[in-house]
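**Q** final-v3.cif is reproduced in full below (mmCIF, C-alpha atoms).
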data_data
#
loop_
_atom_site.label_atom_id
_atom_site.label_comp_id
_atom_site.auth_asym_id
_atom_site.auth_seq_id
_atom_site.Cartn_x
_atom_site.Cartn_y
_atom_site.Cartn_z
CA MET B 1 0.00 0.00 0.00
CA THR B 2 1.09 3.55 -0.68
CA VAL B 3 0.79 6.38 1.81
CA GLU B 4 1.08 10.12 1.29
CA LEU B 5 1.66 12.77 3.94
CA ILE B 6 0.41 16.35 3.85
CA CYS B 7 1.42 18.70 6.67
CA VAL B 8 -0.77 21.78 6.90
CA GLY B 9 0.28 25.12 8.34
CA THR B 10 1.68 28.40 7.07
CA GLU B 11 4.03 28.41 10.08
CA LEU B 12 5.75 25.34 8.61
CA LEU B 13 6.36 27.12 5.30
CA LEU B 14 7.77 30.15 7.10
CA GLY B 15 10.12 28.02 9.18
CA ASN B 16 8.61 29.21 12.44
CA ILE B 17 8.48 25.63 13.74
CA VAL B 18 10.37 22.46 12.88
CA ASN B 19 8.23 19.79 11.22
CA THR B 20 8.92 16.90 13.58
CA ASN B 21 5.56 15.33 12.71
CA ALA B 22 6.80 14.42 9.23
CA ALA B 23 9.81 12.50 10.57
CA PHE B 24 7.69 10.69 13.16
CA ILE B 25 4.90 9.68 10.76
CA SER B 26 7.37 8.66 8.03
CA GLU B 27 9.24 6.35 10.40
CA LYS B 28 6.04 4.75 11.67
CA CYS B 29 4.69 4.21 8.16
CA ALA B 30 7.97 2.60 7.12
CA MET B 31 7.70 0.23 10.08
CA LEU B 32 4.22 -0.70 8.87
CA GLY B 33 5.54 -1.56 5.43
CA LEU B 34 3.71 1.33 3.77
CA SER B 35 5.48 2.87 0.79
CA MET B 36 5.65 6.67 1.07
CA TYR B 37 6.46 8.32 -2.26
CA TYR B 38 5.21 11.85 -1.62
CA GLN B 39 5.28 14.37 1.23
CA SER B 40 3.96 17.91 1.00
CA VAL B 41 3.66 21.02 3.15
CA VAL B 42 0.86 23.45 2.35
CA GLY B 43 -0.22 26.68 3.99
CA ASP B 44 -3.59 27.51 5.49
CA ASN B 45 -5.23 28.11 2.11
CA GLU B 46 -8.39 26.26 1.13
CA GLY B 47 -7.81 26.34 -2.63
CA ARG B 48 -4.25 25.04 -2.54
CA LEU B 49 -5.10 22.41 0.08
CA GLU B 50 -8.09 21.19 -1.96
CA GLU B 51 -5.97 20.87 -5.11
CA LEU B 52 -3.25 18.97 -3.25
CA LEU B 53 -5.78 16.68 -1.56
CA LYS B 54 -7.38 15.71 -4.86
CA THR B 55 -3.98 14.85 -6.32
CA ALA B 56 -2.97 12.82 -3.26
CA TRP B 57 -6.28 10.95 -3.13
CA ASN B 58 -5.98 9.94 -6.79
CA ARG B 59 -2.48 8.48 -6.50
CA SER B 60 -2.21 7.05 -2.96
CA ASP B 61 -4.04 4.41 -0.93
CA VAL B 62 -3.68 6.24 2.39
CA VAL B 63 -3.55 10.03 2.75
CA ILE B 64 -2.49 11.38 6.15
CA LEU B 65 -2.86 15.04 7.06
CA SER B 66 -1.49 16.75 10.15
CA GLY B 67 -2.49 20.18 11.40
CA GLY B 68 -5.32 22.57 10.69
CA LEU B 69 -7.90 21.00 13.02
CA GLY B 70 -8.00 23.89 15.49
CA PRO B 71 -10.93 26.17 16.35
CA THR B 72 -9.93 29.28 14.38
CA GLN B 73 -11.03 30.37 10.91
CA ASP B 74 -7.69 29.54 9.31
CA ASP B 75 -7.98 25.90 10.46
CA LEU B 76 -9.42 24.48 7.25
CA THR B 77 -8.14 20.90 7.01
CA LYS B 78 -11.30 19.10 8.12
CA GLU B 79 -13.64 21.27 6.12
CA THR B 80 -11.55 20.97 2.95
CA ALA B 81 -11.07 17.21 3.33
CA ALA B 82 -14.81 16.69 3.86
CA LYS B 83 -15.47 18.72 0.72
CA VAL B 84 -13.06 16.62 -1.34
CA MET B 85 -14.65 13.42 -0.01
CA GLY B 86 -18.17 14.74 -0.59
CA ARG B 87 -19.29 14.45 3.03
CA PRO B 88 -21.30 16.93 5.12
CA LEU B 89 -20.13 17.87 8.62
CA VAL B 90 -22.24 16.70 11.56
CA GLU B 91 -21.77 17.20 15.29
CA ASP B 92 -20.31 14.33 17.27
CA ALA B 93 -21.89 14.26 20.73
CA ARG B 94 -18.94 12.57 22.42
CA ALA B 95 -16.47 15.01 20.90
CA ARG B 96 -18.57 17.90 22.25
CA ARG B 97 -18.63 16.39 25.76
CA GLU B 98 -14.89 15.79 25.70
CA ILE B 99 -14.25 19.40 24.69
CA GLU B 100 -16.39 20.58 27.63
CA ASP B 101 -14.58 18.26 30.05
CA PHE B 102 -11.13 19.19 28.73
CA MET B 103 -11.74 22.92 29.14
CA ALA B 104 -13.45 22.55 32.53
CA LYS B 105 -10.53 20.58 34.00
CA ARG B 106 -8.23 23.44 33.03
CA GLY B 107 -10.53 26.17 34.30
CA ARG B 108 -11.03 27.61 30.82
CA LEU B 109 -14.23 28.84 29.21
CA VAL B 110 -15.49 27.17 26.06
CA THR B 111 -15.80 29.77 23.32
CA GLU B 112 -18.24 29.40 20.44
CA ASN B 113 -15.52 28.53 17.94
CA ASN B 114 -14.48 25.52 20.04
CA TRP B 115 -17.67 23.73 18.93
CA LYS B 116 -16.25 23.78 15.41
CA GLN B 117 -13.93 21.00 16.57
CA ALA B 118 -16.88 18.77 17.48
CA MET B 119 -18.03 18.75 13.84
CA VAL B 120 -16.90 15.68 11.91
CA PRO B 121 -17.47 14.37 8.35
CA LYS B 122 -20.54 12.14 8.24
CA GLY B 123 -19.75 8.43 8.43
CA SER B 124 -16.17 8.94 9.61
CA LEU B 125 -14.30 7.12 12.35
CA VAL B 126 -13.56 9.61 15.12
CA LEU B 127 -10.24 9.41 17.01
CA TYR B 128 -10.97 10.95 20.39
CA ASN B 129 -8.21 13.09 21.83
CA PRO B 130 -7.52 13.05 25.61
CA ASN B 131 -4.62 15.48 25.12
CA GLY B 132 -6.44 18.30 23.34
CA THR B 133 -9.75 19.53 21.93
CA ALA B 134 -9.32 18.42 18.31
CA PRO B 135 -10.34 14.83 17.58
CA GLY B 136 -8.68 12.98 14.74
CA ILE B 137 -10.72 11.63 11.84
CA ILE B 138 -10.56 8.65 9.49
CA MET B 139 -12.64 8.68 6.31
CA GLU B 140 -12.82 5.39 4.43
CA ASP B 141 -13.76 4.83 0.81
CA GLY B 142 -13.45 1.23 -0.33
CA GLU B 143 -9.89 0.10 0.36
CA LYS B 144 -8.58 3.66 0.64
CA CYS B 145 -8.68 6.06 3.58
CA MET B 146 -7.90 9.64 4.55
CA ILE B 147 -6.60 10.26 8.08
CA LEU B 148 -6.69 13.69 9.75
CA LEU B 149 -4.51 14.31 12.81
CA PRO B 150 -4.03 17.35 15.08
CA GLY B 151 -0.80 19.29 14.58
CA PRO B 152 0.66 19.58 18.12
CA PRO B 153 3.10 16.66 18.58
CA ASN B 154 1.92 16.01 22.15
CA GLU B 155 -1.51 15.25 20.63
CA LEU B 156 -0.47 13.68 17.32
CA VAL B 157 2.11 11.21 18.64
CA PRO B 158 -0.09 9.39 21.21
CA MET B 159 -3.07 9.45 18.83
CA PHE B 160 -1.01 7.84 16.08
CA GLU B 161 0.62 5.25 18.33
CA GLU B 162 -2.55 4.25 20.18
CA GLN B 163 -5.19 4.51 17.44
CA VAL B 164 -3.79 5.05 13.95
CA TYR B 165 -0.91 2.54 14.06
CA PRO B 166 -3.20 -0.40 15.02
CA TYR B 167 -5.72 0.69 12.37
CA LEU B 168 -3.09 0.79 9.60
CA HIS B 169 -1.56 -2.45 10.83
CA ARG B 170 -4.88 -4.19 10.22
CA MET B 171 -4.88 -2.82 6.67
CA GLN B 172 -1.24 -3.77 6.10
CA PRO B 173 -0.53 -6.91 8.19
CA GLU B 174 3.17 -7.06 7.32
CA ILE B 175 5.51 -4.75 9.20
CA ILE B 176 9.03 -3.59 8.50
CA CYS B 177 11.72 -3.69 11.20
CA SER B 178 15.25 -2.36 11.01
CA LYS B 179 18.44 -2.86 12.94
CA MET B 180 21.50 -0.63 12.74
CA VAL B 181 25.05 -1.95 12.91
CA LYS B 182 27.49 0.92 13.52
CA LEU B 183 31.11 0.89 12.36
CA CYS B 184 34.07 3.17 12.86
CA GLY B 185 37.54 3.10 11.31
CA ILE B 186 36.31 2.38 7.78
CA GLY B 187 34.94 4.55 4.97
CA GLU B 188 31.59 4.11 3.24
CA SER B 189 33.07 2.94 -0.09
CA SER B 190 35.27 0.33 1.61
CA ALA B 191 32.36 -0.86 3.75
CA GLU B 192 30.10 -1.17 0.71
CA THR B 193 32.78 -3.10 -1.20
CA LYS B 194 32.96 -5.67 1.60
CA ILE B 195 29.19 -6.32 1.42
CA LEU B 196 28.57 -5.78 -2.28
CA ASP B 197 27.69 -9.45 -2.80
CA LEU B 198 25.09 -9.21 -0.02
CA ILE B 199 23.58 -6.08 -1.56
CA GLU B 200 23.43 -7.57 -5.06
CA ARG B 201 21.58 -10.72 -4.05
CA GLN B 202 19.41 -9.29 -1.27
CA SER B 203 15.64 -9.53 -1.19
CA ASN B 204 14.32 -9.87 2.35
CA PRO B 205 16.09 -8.82 4.50
CA THR B 206 18.07 -6.02 2.88
CA VAL B 207 21.23 -4.23 4.00
CA ALA B 208 22.36 -0.72 3.05
CA PRO B 209 25.29 1.51 4.14
CA TYR B 210 24.83 5.08 5.37
CA ALA B 211 27.76 7.46 5.78
CA LYS B 212 27.96 9.47 9.00
CA THR B 213 30.68 11.84 10.18
CA GLY B 214 33.64 9.52 10.65
CA GLU B 215 31.41 6.45 10.79
CA VAL B 216 29.43 4.06 8.61
CA HIS B 217 26.07 2.66 9.68
CA LEU B 218 24.70 -0.51 8.08
CA ARG B 219 20.92 -0.76 8.22
CA ILE B 220 19.42 -4.25 8.07
CA THR B 221 15.72 -4.21 7.18
CA ALA B 222 13.24 -7.08 7.10
CA LYS B 223 9.54 -7.39 6.29
CA ALA B 224 7.46 -9.92 8.21
CA LYS B 225 4.11 -10.48 9.90
CA SER B 226 5.55 -9.86 13.35
CA GLU B 227 8.49 -8.10 14.96
CA GLN B 228 9.79 -11.44 16.26
CA GLU B 229 9.77 -12.95 12.76
CA ALA B 230 11.49 -9.86 11.30
CA TYR B 231 14.33 -10.06 13.81
CA ARG B 232 14.67 -13.80 13.14
CA LEU B 233 15.18 -13.00 9.45
CA MET B 234 17.76 -10.32 10.26
CA GLU B 235 19.86 -12.47 12.59
CA PRO B 236 21.90 -14.35 9.92
CA VAL B 237 22.68 -11.09 8.10
CA GLU B 238 23.90 -9.46 11.30
CA GLN B 239 26.10 -12.46 12.06
CA GLU B 240 27.59 -12.27 8.56
CA LEU B 241 28.35 -8.57 9.04
CA ARG B 242 30.07 -9.33 12.34
CA ALA B 243 32.17 -12.00 10.65
CA ARG B 244 33.24 -9.56 7.95
CA PHE B 245 33.83 -6.40 9.98
CA GLY B 246 34.89 -7.77 13.37
CA ASP B 247 35.71 -5.14 15.96
CA LEU B 248 35.12 -2.31 13.48
CA ILE B 249 31.55 -2.72 14.73
CA TYR B 250 31.16 -0.79 17.95
CA THR B 251 27.44 -1.32 18.59
CA ASP B 252 24.14 -2.57 17.23
CA GLU B 253 22.06 -0.45 19.60
CA PRO B 254 20.41 2.58 17.91
CA GLU B 255 20.89 4.94 20.86
CA VAL B 256 24.55 4.06 21.52
CA THR B 257 27.11 6.58 20.23
CA LEU B 258 30.82 6.06 19.69
CA GLU B 259 31.65 7.98 22.86
CA MET B 260 29.25 5.74 24.81
CA ALA B 261 31.02 2.66 23.46
CA ILE B 262 34.37 4.14 24.53
CA TYR B 263 32.98 4.83 27.99
CA GLU B 264 32.04 1.16 28.32
CA LEU B 265 35.58 0.13 27.30
CA LEU B 266 37.13 2.50 29.85
CA LYS B 267 34.78 1.18 32.53
CA ALA B 268 35.37 -2.48 31.68
CA ASN B 269 39.15 -2.05 31.81
CA GLY B 270 39.30 0.43 34.71
CA LEU B 271 41.13 3.01 32.61
CA THR B 272 41.42 6.77 32.87
CA VAL B 273 41.83 9.13 29.93
CA THR B 274 42.62 12.75 29.24
CA THR B 275 42.48 14.88 26.09
CA ALA B 276 45.05 17.25 24.62
CA GLU B 277 43.63 19.39 21.83
CA SER B 278 44.85 22.07 19.51
CA CYS B 279 42.73 22.54 16.36
CA THR B 280 39.65 20.83 17.84
CA GLY B 281 39.62 23.31 20.72
CA GLY B 282 37.74 21.20 23.29
CA LEU B 283 35.29 19.48 20.94
CA LEU B 284 36.87 16.10 21.64
CA ALA B 285 36.48 16.45 25.40
CA GLY B 286 32.95 17.70 24.77
CA ARG B 287 32.01 14.52 22.92
CA LEU B 288 33.22 12.40 25.83
CA ILE B 289 31.47 14.61 28.35
CA ASN B 290 28.18 13.87 26.54
CA VAL B 291 28.21 10.50 28.33
CA PRO B 292 26.76 10.39 31.86
CA GLY B 293 29.24 8.86 34.34
CA ILE B 294 32.33 9.72 32.28
CA SER B 295 33.65 11.85 35.15
CA GLN B 296 34.97 8.68 36.79
CA TYR B 297 37.24 8.01 33.81
CA LEU B 298 37.91 11.37 32.10
CA LYS B 299 40.46 13.06 34.34
CA GLU B 300 41.19 16.35 32.56
CA GLY B 301 41.01 18.07 29.21
CA TYR B 302 43.70 20.38 27.85
CA VAL B 303 43.14 22.94 25.10
CA THR B 304 46.63 23.98 24.00
CA TYR B 305 46.12 26.13 20.94
CA SER B 306 49.42 28.00 21.12
CA ASN B 307 52.93 26.60 21.15
CA GLU B 308 53.45 28.21 24.54
CA ALA B 309 50.48 26.30 25.96
CA LYS B 310 51.78 23.06 24.50
CA GLU B 311 55.10 23.61 26.23
CA LYS B 312 53.68 24.88 29.52
CA LEU B 313 50.77 22.47 30.07
CA LEU B 314 51.88 19.37 28.20
CA GLY B 315 55.64 19.63 28.39
CA VAL B 316 56.12 19.49 24.63
CA PRO B 317 59.85 20.26 24.07
CA ALA B 318 60.54 23.59 22.43
CA GLU B 319 63.02 21.82 20.17
CA THR B 320 60.25 19.51 18.87
CA LEU B 321 58.05 22.46 18.02
CA LYS B 322 60.91 24.36 16.39
CA ARG B 323 62.19 21.42 14.38
CA HIS B 324 58.93 19.75 13.30
CA GLY B 325 56.26 22.41 13.86
CA ALA B 326 53.02 22.32 15.84
CA VAL B 327 51.35 20.21 13.15
CA SER B 328 53.51 17.11 13.02
CA PRO B 329 53.46 13.50 14.23
CA GLN B 330 56.28 14.30 16.66
CA THR B 331 54.28 17.10 18.31
CA ALA B 332 51.10 14.99 18.42
CA GLU B 333 53.00 12.21 20.21
CA ALA B 334 54.63 14.66 22.62
CA MET B 335 51.21 16.17 23.39
CA ALA B 336 49.73 12.72 24.05
CA GLU B 337 52.55 11.57 26.30
CA GLY B 338 52.72 14.90 28.10
CA GLY B 339 48.95 15.00 28.66
CA ALA B 340 48.92 11.50 30.14
CA LYS B 341 51.75 12.37 32.52
CA ALA B 342 50.30 15.74 33.50
CA ALA B 343 46.92 14.22 34.34
CA ASP B 344 48.32 10.91 35.64
CA ALA B 345 46.01 9.09 33.22
CA ASP B 346 46.33 5.71 31.54
CA LEU B 347 45.60 7.19 28.13
CA CYS B 348 45.73 10.56 26.42
CA ILE B 349 44.31 11.31 23.00
CA ALA B 350 45.91 14.34 21.32
CA VAL B 351 44.96 16.27 18.17
CA THR B 352 46.87 18.95 16.28
CA GLY B 353 46.17 20.24 12.79
CA ILE B 354 45.24 23.07 10.43
CA ALA B 355 41.49 23.64 10.41
CA GLY B 356 41.68 26.64 8.07
CA PRO B 357 40.57 28.51 6.19
CA ASP B 358 44.00 30.11 6.50
CA GLY B 359 47.36 28.84 7.76
CA GLY B 360 48.00 26.11 5.19
CA THR B 361 51.13 25.75 3.08
CA GLU B 362 52.08 23.52 0.16
CA GLU B 363 53.87 21.22 2.57
CA LYS B 364 51.18 21.37 5.21
CA PRO B 365 47.82 22.17 3.58
CA VAL B 366 44.58 23.11 5.29
CA GLY B 367 42.92 19.96 6.59
CA LEU B 368 46.15 18.22 7.61
CA VAL B 369 45.61 16.73 11.09
CA TYR B 370 47.83 14.52 13.21
CA MET B 371 46.51 12.65 16.21
CA SER B 372 48.15 10.37 18.70
CA CYS B 373 46.91 8.20 21.54
CA TYR B 374 49.41 7.51 24.32
CA CYS B 375 48.66 4.24 26.06
CA ARG B 376 50.97 3.22 28.92
CA GLY B 377 54.20 3.74 27.05
CA THR B 378 52.96 3.22 23.48
CA CYS B 379 51.84 5.89 21.01
CA TYR B 380 49.29 5.11 18.29
CA THR B 381 49.66 7.90 15.74
CA GLU B 382 47.70 8.79 12.61
CA LYS B 383 47.90 11.34 9.80
CA ASN B 384 44.67 12.50 8.18
CA GLN B 385 43.92 14.93 5.38
CA TYR B 386 40.40 16.36 5.43
CA THR B 387 38.55 18.71 3.10
CA GLY B 388 35.65 21.04 3.73
CA SER B 389 34.91 23.96 6.00
CA ARG B 390 36.70 24.72 9.25
CA SER B 391 33.86 23.22 11.27
CA LYS B 392 33.75 20.07 9.12
CA ILE B 393 37.50 19.51 9.49
CA ARG B 394 37.18 19.83 13.25
CA GLU B 395 34.17 17.45 13.36
CA TYR B 396 35.96 14.81 11.31
CA SER B 397 39.07 15.21 13.46
CA VAL B 398 37.06 14.51 16.61
CA ALA B 399 35.42 11.44 15.07
CA SER B 400 38.80 10.07 13.96
CA ALA B 401 40.34 10.78 17.35
CA LEU B 402 37.58 8.84 19.11
CA THR B 403 38.10 5.94 16.70
CA LEU B 404 41.85 6.00 17.40
CA LEU B 405 41.22 6.05 21.15
CA ARG B 406 38.93 3.04 20.82
CA ARG B 407 41.47 1.22 18.67
CA ALA B 408 44.27 1.84 21.19
CA ILE B 409 42.16 0.43 24.03
CA LEU B 410 41.20 -2.68 22.03
CA ASP B 411 44.77 -3.32 20.85
CA HIS B 412 46.46 -2.68 24.18
CA PHE B 413 44.01 -4.24 26.60
#
Show me the file's structure as structure tokens.
**A**
Amino acid sequence: MTVELICVGTELLLGNIVNTNAAFISEKCAMLGLSMYYQSVVGDNEGRLEELLKTAWNRSDVVILSGGLGPTQDDLTKETAAKVMGRPLVEDARARREIEDFMAKRGRLVTENNWKQAMVPKGSLVLYNPNGTAPGIIMEDGEKCMILLPGPPNELVPMFEEQVYPYLHRMQPEIICSKMVKLCGIGESSAETKILDLIERQSNPTVAPYAKTGEVHLRITAKAKSEQEAYRLMEPVEQELRARFGDLIYTDEPEVTLEMAIYELLKANGLTVTTAESCTGGLLAGRLINVPGISQYLKEGYVTYSNEAKEKLLGVPAETLKRHGAVSPQTAEAMAEGGAKAADADLCIAVTGIAGPDGGTEEKPVGLVYMSCYCRGTCYTEKNQYTGSRSKIREYSVASALTLLRRAILDHF
């Protein structure tokens, strides 16, 4: 079955609010196995909404609208949808009572325009709304349906999960489930090459790579009649990915980030870490600090942007800086070793580079970054050359530094 989404509201077109409803509904429809080929945003204009609704109704099995069910004159979704479907509006007694109760509990007076929300297209299925005054509506016509939902996410989300999702699931008994396998230390093209045979012969389940900043995520997707059956289908594919990528995989949990995985490694091995940063200017420490509980393992963070700071705080020899420069493998290693000693930490991850847009030379261009992880007497050092804006170079540097830190822990412990 095909589904189409129309989000109504001039405020969406003006960028006054972020359209989180579209992302939520799209994800839920994908889980249900519904194919969504079109999404639209239209302002509070009856003519344009009517034209769009007619087009959507002609080409899709399910049309979902969000927004425009309020009590004011510019809330036209219900009226326009009823017109397109050829249905008169009639008052729903329960909807009227629920509006009265909702307003009374909050000590608010019911104004005349609130009763507009109790009017529903004749013959429709009403989705009563305990979180607001606008009920949702489902209008059926043969095997097709049009679903109207309130715009506020605190009303739309529970209404969809509790009433619309089960309704659509009955129409489309197969569901789609996905699992994400996250990798670091490998590029998207290399990752795809390693699974090209799986991609070429896939049917159900499927696997596809997605590039993230400094990472690659592999999404496994299966269609089945139940979640349990879908995960059973995905299991052999996940095991094959683990056999091919090994410890490049850092998690298969959707909410786990790379810094969270590093935290678990530090915790499991009883290790402490510090950071020594130049071009990243504290972003690396910031990523680690995102993780609750990291304070037990992250001892200190040094931002040593100048040569003087590198000498003073990290003990980088002046001769090293003079001979090799601030952006060099020798300086990165000296920063890492010096940071570990200064903080009395087991590990120190250091980054130094040229983020641009100025400061590059032919020998050392913008985007050149060295990083080193000192680990109880051993330095793991990398050279990277990035392209892009200053912020992008810094973001990629942080992602690579976290990957190097993880690699050092795995190799050494």
**Q** Which residues would end up in the selection if the PyMOL selection byres ((chain B and resi 251) around 8) were applied here, given that I need the answer as a PyMOL selection string?
**A** chain B and resi 181-183+249-250+252-253+256+261
**Q** Step by step, gather every atom of segment 252-256 of chain B that the file lists, find the box along x, y and z that holds them, add 4 Å on each side, and finally give centre and edge lengths in Å to one decimal, as lines of an AutoDock Vina configuration file.
**A**
center_x = 22.5
center_y = 1.2
center_z = 19.4
size_x = 12.1
size_y = 15.5
size_z = 12.3
**Q** If the PyMOL selection byres ((chain B and resi 179) around 6) is run on the structure shown, which residues does it catch, given as a tab-separated table (two decimals) with C-alpha atoms, in the frame of the given file?
**A**
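Here's the written file expr02.tsv:
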chain	number	residue	atom	x	y	z
B	178	SER	CA	15.25	-2.36	11.01
B	180	MET	CA	21.50	-0.63	12.74
B	219	ARG	CA	20.92	-0.76	8.22
B	220	ILE	CA	19.42	-4.25	8.07
**Q** Going by the chain IDs and residue numbers used in this file, which residues fall under the PyMOL selection byres ((chain B and resi 335) around 10)? Write them as a compact mmCIF listing (two decimals) with C-alpha atoms, in the coordinates of the input.
**A**
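Saved the output as expr.txt:
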# COMPACT_ATOMS: atom_id res chain seq x y z
CA THR B 275 42.48 14.88 26.09
CA ALA B 276 45.05 17.25 24.62
CA GLU B 277 43.63 19.39 21.83
CA SER B 278 44.85 22.07 19.51
CA TYR B 302 43.70 20.38 27.85
CA THR B 304 46.63 23.98 24.00
CA LYS B 310 51.78 23.06 24.50
CA GLU B 311 55.10 23.61 26.23
CA LEU B 313 50.77 22.47 30.07
CA LEU B 314 51.88 19.37 28.20
CA GLY B 315 55.64 19.63 28.39
CA VAL B 316 56.12 19.49 24.63
CA PRO B 317 59.85 20.26 24.07
CA ALA B 326 53.02 22.32 15.84
CA PRO B 329 53.46 13.50 14.23
CA GLN B 330 56.28 14.30 16.66
CA THR B 331 54.28 17.10 18.31
CA ALA B 332 51.10 14.99 18.42
CA GLU B 333 53.00 12.21 20.21
CA ALA B 334 54.63 14.66 22.62
CA ALA B 336 49.73 12.72 24.05
CA GLU B 337 52.55 11.57 26.30
CA GLY B 338 52.72 14.90 28.10
CA GLY B 339 48.95 15.00 28.66
CA ALA B 340 48.92 11.50 30.14
CA LYS B 341 51.75 12.37 32.52
CA CYS B 348 45.73 10.56 26.42
CA ILE B 349 44.31 11.31 23.00
CA ALA B 350 45.91 14.34 21.32
CA VAL B 351 44.96 16.27 18.17
CA THR B 352 46.87 18.95 16.28
CA MET B 371 46.51 12.65 16.21
CA SER B 372 48.15 10.37 18.70
CA CYS B 373 46.91 8.20 21.54
CA TYR B 374 49.41 7.51 24.32
**Q** Rank B:Ala191, B:Cys375, B:Ile354, B:Ala104 by their smallest atom-to-atom distance to Ile409 of chain B, using all atoms listed in the file, and report the top residue only.
**A**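 For Ile409 of chain B, the nearest of the given residues is B:Cys375.
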**Q** Considering all atoms listed in the file, state which residue in the set B:Lys299, B:Arg94, B:Lys116, B:Lys194 is at the smallest distance from Pro209 of chain B.
**A**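 That would be B:Lys194, the residue with the smallest distance to Pro209 of chain B.
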**Q** Show which residues sit within 12 Å of Ser397 of chain B, as a ChimeraX atom specification. Count all atoms listed in the file, and ignore same-chain residues fewer than 6 positions away.
**A** /B:213-215,277-284,287,349-355,367-372,382-388,390-391,403-404
**Q** Write segment 278-290 of chain B as a PDB file, in the frame of the given file, completed to N, CA, C and O atoms.
**A**
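Everything below was put into selection_30.pdb:
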ATOM      1  N   SER B 278      44.451  20.807  20.100  1.00  0.00           N
ATOM      2  CA  SER B 278      44.850  22.070  19.510  1.00  0.00           C
ATOM      3  C   SER B 278      43.739  22.536  18.571  1.00  0.00           C
ATOM      4  O   SER B 278      42.861  23.284  18.970  1.00  0.00           O
ATOM      5  N   CYS B 279      43.690  22.022  17.333  1.00  0.00           N
ATOM      6  CA  CYS B 279      42.730  22.540  16.360  1.00  0.00           C
ATOM      7  C   CYS B 279      41.273  22.222  16.715  1.00  0.00           C
ATOM      8  O   CYS B 279      40.358  22.921  16.280  1.00  0.00           O
ATOM      9  N   THR B 280      41.030  21.174  17.478  1.00  0.00           N
ATOM     10  CA  THR B 280      39.650  20.830  17.840  1.00  0.00           C
ATOM     11  C   THR B 280      39.128  21.659  19.017  1.00  0.00           C
ATOM     12  O   THR B 280      37.926  21.687  19.278  1.00  0.00           O
ATOM     13  N   GLY B 281      40.007  22.308  19.744  1.00  0.00           N
ATOM     14  CA  GLY B 281      39.620  23.310  20.720  1.00  0.00           C
ATOM     15  C   GLY B 281      38.613  22.889  21.770  1.00  0.00           C
ATOM     16  O   GLY B 281      37.747  23.677  22.155  1.00  0.00           O
ATOM     17  N   GLY B 282      38.656  21.653  22.237  1.00  0.00           N
ATOM     18  CA  GLY B 282      37.740  21.200  23.290  1.00  0.00           C
ATOM     19  C   GLY B 282      36.582  20.369  22.796  1.00  0.00           C
ATOM     20  O   GLY B 282      35.830  19.808  23.606  1.00  0.00           O
ATOM     21  N   LEU B 283      36.408  20.267  21.465  1.00  0.00           N
ATOM     22  CA  LEU B 283      35.290  19.480  20.940  1.00  0.00           C
ATOM     23  C   LEU B 283      35.416  18.003  21.285  1.00  0.00           C
ATOM     24  O   LEU B 283      34.415  17.322  21.518  1.00  0.00           O
ATOM     25  N   LEU B 284      36.638  17.509  21.321  1.00  0.00           N
ATOM     26  CA  LEU B 284      36.870  16.100  21.640  1.00  0.00           C
ATOM     27  C   LEU B 284      36.446  15.798  23.079  1.00  0.00           C
ATOM     28  O   LEU B 284      35.723  14.828  23.341  1.00  0.00           O
ATOM     29  N   ALA B 285      36.899  16.629  24.005  1.00  0.00           N
ATOM     30  CA  ALA B 285      36.480  16.450  25.400  1.00  0.00           C
ATOM     31  C   ALA B 285      34.961  16.585  25.521  1.00  0.00           C
ATOM     32  O   ALA B 285      34.315  15.856  26.275  1.00  0.00           O
ATOM     33  N   GLY B 286      34.391  17.500  24.735  1.00  0.00           N
ATOM     34  CA  GLY B 286      32.950  17.700  24.770  1.00  0.00           C
ATOM     35  C   GLY B 286      32.174  16.476  24.357  1.00  0.00           C
ATOM     36  O   GLY B 286      31.135  16.161  24.938  1.00  0.00           O
ATOM     37  N   ARG B 287      32.681  15.756  23.341  1.00  0.00           N
ATOM     38  CA  ARG B 287      32.010  14.520  22.920  1.00  0.00           C
ATOM     39  C   ARG B 287      32.017  13.494  24.047  1.00  0.00           C
ATOM     40  O   ARG B 287      31.016  12.827  24.305  1.00  0.00           O
ATOM     41  N   LEU B 288      33.144  13.357  24.724  1.00  0.00           N
ATOM     42  CA  LEU B 288      33.220  12.400  25.830  1.00  0.00           C
ATOM     43  C   LEU B 288      32.328  12.819  26.986  1.00  0.00           C
ATOM     44  O   LEU B 288      31.681  11.985  27.631  1.00  0.00           O
ATOM     45  N   ILE B 289      32.267  14.110  27.228  1.00  0.00           N
ATOM     46  CA  ILE B 289      31.470  14.610  28.350  1.00  0.00           C
ATOM     47  C   ILE B 289      29.968  14.456  28.093  1.00  0.00           C
ATOM     48  O   ILE B 289      29.154  14.533  29.011  1.00  0.00           O
ATOM     49  N   ASN B 290      29.582  14.170  26.836  1.00  0.00           N
ATOM     50  CA  ASN B 290      28.180  13.870  26.540  1.00  0.00           C
ATOM     51  C   ASN B 290      27.680  12.653  27.314  1.00  0.00           C
ATOM     52  O   ASN B 290      26.473  12.493  27.514  1.00  0.00           O
TER      53      ASN B 290
END
